[in-house]
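Before any comments, here is the structure.
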Amino acid sequence: MNALQALRTRPMRALVRDVRLSGLLNTGMTQRYATTAQSKPALPPGSELAGKSNLTAKIHEKLKIMQYKHNKIMEQMTGDISGMEREDMARLAKEQSSMGMIVVPYEHLLKLYSELIELEQMMSADDPDLRRLAREERQEVLENVVTAENDIINALLPKDSAESAGAILEIRAGTGGDEASIFCGDLLHMYEKYAQLRKWKLETMSMDSEGDKIKEIVLKVSGRGVFGVLMFESGVHRVQRVPATETQGRVHTSTATVAVLPHAANVNIVIKESDLRIDVFRASGKGGQHVNTTDSAVRITHIPTGISVENQQERSQIQNRERAMQVLRARMYERERSRLDLERRASRNKLIGSGDRSEKCRTYNYAQNRVTDHRINFSMFNIEGMMNGTALQIVIDQLRIQHDLDELASMDNFDDISPPNQ
């Protein structure tokens with residue numbers, strides 16, 4: 001077995017080191033690119049990642065500053081601390097731990113950049129087997145780079161405590177008459193199937209329906225991180241298809257609105273009894289002992305905000321009032337979140353909202369077997385998978401990626417860190 005054959009039998013990471021040391025590549029060139037990757041994570045022209053990284057040059061600059069500050073804190077904590085106050089030690093430890101959640105994956109990313117650069121240089125080697133091995137390993141490193149960048153993005157983004165909560169899901173028929181009500185039921189079926197896949201619990205809080213035609217339904221969705229997953233569903237959903245009642249085969253366009261509100265179970269929303277107007281009336285719907293015979297339906301209006309909620313799902317007025325108060329609390333919580341969010345980010349529009357956006361957010365085109373989310377210009381050709389809930393996660397993942405990148409682009413919370421001395 002010659003030296004090159006022996007190299008091929010070794011793990012690829014070791015192969016990269018051995019190739020560099022054995023001189024099969026231009027050592028000076030490899031060292032120059034490796035040094036570049038460690039000092040400034042810019043990839044050489046022609047690299048597959050050049051110009052495609054989710055981390056901009058400005059973000060890299062801020063990360064290098066944070067890395068510098070993190071190392072300085074480590075030097076302080078490992079040096080002479082005999083004269084340091086306990087409060088100062090606790091503060092430094094907290095800063096070190098907080099920044100370490102970003103700096104550690106960033107340093108890992110820099111190593112991956114160096115490996116990628118070395119592998120791209122190996123792909124120009126004379127030996128074809130060595131080039132093949134380098135190509136195979138490069139693909140794995142590229143995947144690891146994407147994962148590492150996503151880890152850094154997640155660590156950088158500010159955390160919204162509401163994302164870990166449950167949600168109130170409201171679906172209402174829009175324009176399109178009976179077809180809009182049928183589409184409302186289709187969306188309900190989609191979210192029900194998706195919730196089953198996520199092992200979430202659904203509870204109907206109120207519903208106005210007639211057979212498979214749903215004018216409005218309000219659901220409580222319980223589970224871990226429900227709002228953080230479903231919050232991108234808020235908006236106007238449009239369907240284009242031939243209704244079952246259409247005799248001439250014409251395509252109709254109908255809409256339904258979806259609003260996803262964080263469930264405010266653990267949030268202290270103060271609602272004064274004097275600010276509420278409570279109306280009771282007889283429930284409407286199919287016959288029964290308590291329908292149209294007792295004033296069991298409840299409508300609650302919060303006078304200062306004008307928010308009005310009604311419920312007639314239960315047979316008891318007390319139960320209907322309790323459910324209506326849950327929805328009112330959730331809507332007021334979302335109203336406050338939206339107000340603070342607009343104040344903080346008035347410079348640009350957000351993907352999420354309260355469900356009252358005038359423009360469509362998603363189109364379901366049955367003739368083309370296509371689902372298009374217009375907020376991110378993403379299309380998928382799998383109507384059946386979408387409507388049975390199995391393909392919904394694909395769209396949600398794309399929305400989450402774009403949302404995180406938009407959040408990252410608007411970040412300015414590192415501006416108070418002083419850059420290292422040159």
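Each chain in the structure tokens gets a letter, A, B and so on, in the order shown; residues start at 1 in every chain, and ligands are counted from 1 in the order they appear.
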Which residues are near Arg331 (chain A)? Cut-off 8 Å, only C-alpha atoms, ignore same chain within fewer than 4 positions. Put them as a PyMOL selection string. chain A and resi 261+307+327+335
Produce a file of the selected residues containing N, CA, C and O atoms, as a short mmCIF file (atom, residue, chain, number, x, y, z; two decimals), in the first residue's frame.
```cif
data_model
loop_
_atom_site.label_atom_id
_atom_site.label_comp_id
_atom_site.auth_asym_id
_atom_site.auth_seq_id
_atom_site.Cartn_x
_atom_site.Cartn_y
_atom_site.Cartn_z
N LEU A 261 -53.69 33.96 18.18
CA LEU A 261 -53.40 34.81 19.34
C LEU A 261 -52.72 33.97 20.41
O LEU A 261 -53.08 32.81 20.61
N ILE A 307 -63.39 45.91 21.83
CA ILE A 307 -63.28 44.49 21.51
C ILE A 307 -64.54 43.78 21.99
O ILE A 307 -64.94 43.92 23.15
N VAL A 327 -61.32 34.30 25.51
CA VAL A 327 -61.02 34.86 24.20
C VAL A 327 -60.74 36.36 24.31
O VAL A 327 -59.81 36.90 23.69
N ARG A 335 -53.37 42.47 21.48
CA ARG A 335 -53.43 43.89 21.16
C ARG A 335 -52.26 44.64 21.79
O ARG A 335 -51.62 45.48 21.15
#
```
Sort by chain and increasing residue number a table of all residues of region 100-154 of chain A within 12 Å of region 90-95 of chain A, each with its closest pair of atoms and their distance in Å to one decimal, counting only C-alpha atoms, and write it as CSV.
```
residue,atom,partner,partner_atom,distance
A:Gly100,CA,A:Glu95,CA,8.2
A:Met101,CA,A:Glu95,CA,10.2
A:Ile102,CA,A:Glu95,CA,11.3
A:Val103,CA,A:Glu95,CA,11.6
```
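Atom to atom, CA of Asn311 (chain A) and CA of Ser206 (chain A) stand 5.6 Å apart.
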Which of region 221-405 of chain A counts as alpha helix (DSSP H) under DSSP, as a ChimeraX atom specification please? /A:226-230,317-344,383-387,392-405
Preceding selection exported with C-alpha atoms as a short mmCIF file (atom, residue, chain, number, x, y, z; two decimals), in the first residue's frame:
```cif
data_model
loop_
_atom_site.label_atom_id
_atom_site.label_comp_id
_atom_site.auth_asym_id
_atom_site.auth_seq_id
_atom_site.Cartn_x
_atom_site.Cartn_y
_atom_site.Cartn_z
CA VAL A 226 -47.96 26.27 19.87
CA PHE A 227 -48.04 30.04 19.29
CA GLY A 228 -44.42 30.11 18.10
CA VAL A 229 -45.32 27.59 15.38
CA LEU A 230 -48.75 28.83 14.32
CA GLN A 317 -74.67 31.06 30.49
CA ILE A 318 -71.90 30.82 33.10
CA GLN A 319 -69.83 28.51 30.89
CA ASN A 320 -70.35 30.71 27.84
CA ARG A 321 -69.27 33.76 29.82
CA GLU A 322 -66.11 31.99 31.01
CA ARG A 323 -65.16 31.00 27.47
CA ALA A 324 -65.88 34.48 26.15
CA MET A 325 -63.64 35.97 28.84
CA GLN A 326 -60.79 33.64 27.80
CA VAL A 327 -61.02 34.86 24.20
CA LEU A 328 -61.32 38.50 25.31
CA ARG A 329 -58.23 38.14 27.47
CA ALA A 330 -56.27 36.62 24.59
CA ARG A 331 -57.32 39.39 22.20
CA MET A 332 -56.36 42.10 24.67
CA TYR A 333 -53.01 40.41 25.27
CA GLU A 334 -52.34 40.25 21.53
CA ARG A 335 -53.43 43.89 21.16
CA GLU A 336 -50.85 44.95 23.73
CA ARG A 337 -48.15 42.80 22.13
CA SER A 338 -48.92 44.31 18.73
CA ARG A 339 -48.77 47.83 20.13
CA LEU A 340 -45.37 47.28 21.69
CA ASP A 341 -44.16 45.49 18.58
CA LEU A 342 -45.17 48.40 16.34
CA GLU A 343 -43.43 50.88 18.59
CA ARG A 344 -40.27 48.79 18.57
CA ILE A 383 -52.47 20.51 -2.26
CA GLU A 384 -53.48 17.15 -0.80
CA GLY A 385 -50.54 17.04 1.60
CA MET A 386 -51.21 20.63 2.63
CA MET A 387 -54.89 20.15 3.36
CA LEU A 392 -47.97 22.39 6.42
CA GLN A 393 -44.70 22.14 8.36
CA ILE A 394 -42.72 22.73 5.16
CA VAL A 395 -44.33 26.15 4.68
CA ILE A 396 -44.06 27.00 8.38
CA ASP A 397 -40.33 26.18 8.31
CA GLN A 398 -39.78 28.51 5.34
CA LEU A 399 -41.68 31.30 7.10
CA ARG A 400 -39.64 30.79 10.27
CA ILE A 401 -36.36 30.99 8.35
CA GLN A 402 -37.37 34.23 6.64
CA HIS A 403 -38.71 35.67 9.89
CA ASP A 404 -35.45 34.92 11.70
CA LEU A 405 -33.35 36.41 8.89
#
```
Can you pull out every residue from region 204-247 of chain A that DSSP, working from the backbone, puts in strand (DSSP E), and format the result as a ChimeraX atom specification? /A:204-210,213-222,235-241
For Ser181 (chain A), list every protein, DNA or RNA residue within 6 Å, evaluated using only C-alpha atoms, and leave out those in the same chain fewer than 4 positions away; present the list as a ChimeraX atom specification. /A:173,213-215
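With distances restricted to only C-alpha atoms, A:Arg138 is the closest residue to Met123 (chain A) from A:Lys111, A:Met99, A:Ala297, A:Arg138.
Between CA of Thr147 (chain A) and CA of Asn388 (chain A) the separation is 29.1 Å.
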Check the smallest atom-to-atom distance from each of A:Leu133, A:Ile152, A:Leu142, A:Ile271 to Ile117 (chain A) using only C-alpha atoms, then report the winner. A:Leu142
For Cys361 (chain A), the nearest of the candidates A:Arg277, A:Arg238, A:Arg131, A:Arg299, counting only C-alpha atoms: A:Arg238
Non-local contacts of Gln368 (chain A) (12 Å; only C-alpha atoms; under 5 positions in same chain excluded) as a ChimeraX atom specification: /A:239-242,251,363,379-384
Rows by chain and residue number, region 128-183 of chain A within 12 Å of region 208-212 of chain A, shortest pair, only C-alpha atoms, as JSON lines:
```
{"residue": "A:Glu170", "atom": "CA", "partner": "A:Asp208", "partner_atom": "CA", "distance": 11.7}
{"residue": "A:Ile171", "atom": "CA", "partner": "A:Asp208", "partner_atom": "CA", "distance": 10.6}
{"residue": "A:Arg172", "atom": "CA", "partner": "A:Asp208", "partner_atom": "CA", "distance": 9.4}
{"residue": "A:Ala173", "atom": "CA", "partner": "A:Asp208", "partner_atom": "CA", "distance": 10.3}
{"residue": "A:Asp178", "atom": "CA", "partner": "A:Asp212", "partner_atom": "CA", "distance": 9.8}
{"residue": "A:Glu179", "atom": "CA", "partner": "A:Asp212", "partner_atom": "CA", "distance": 10.4}
{"residue": "A:Ala180", "atom": "CA", "partner": "A:Asp212", "partner_atom": "CA", "distance": 11.1}
{"residue": "A:Ser181", "atom": "CA", "partner": "A:Asp212", "partner_atom": "CA", "distance": 7.9}
{"residue": "A:Ile182", "atom": "CA", "partner": "A:Asp212", "partner_atom": "CA", "distance": 6.2}
{"residue": "A:Phe183", "atom": "CA", "partner": "A:Asp212", "partner_atom": "CA", "distance": 9.3}
```
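Interatomic distance, CA of Leu55 (chain A) to CA of Leu109 (chain A): 11.0 Å.
Of the residues under consideration (A:Met66, A:Met74, A:Leu169, A:Val280), A:Leu169 shows the shortest atom-to-atom contact distance to Glu233 (chain A) when counting only C-alpha atoms.
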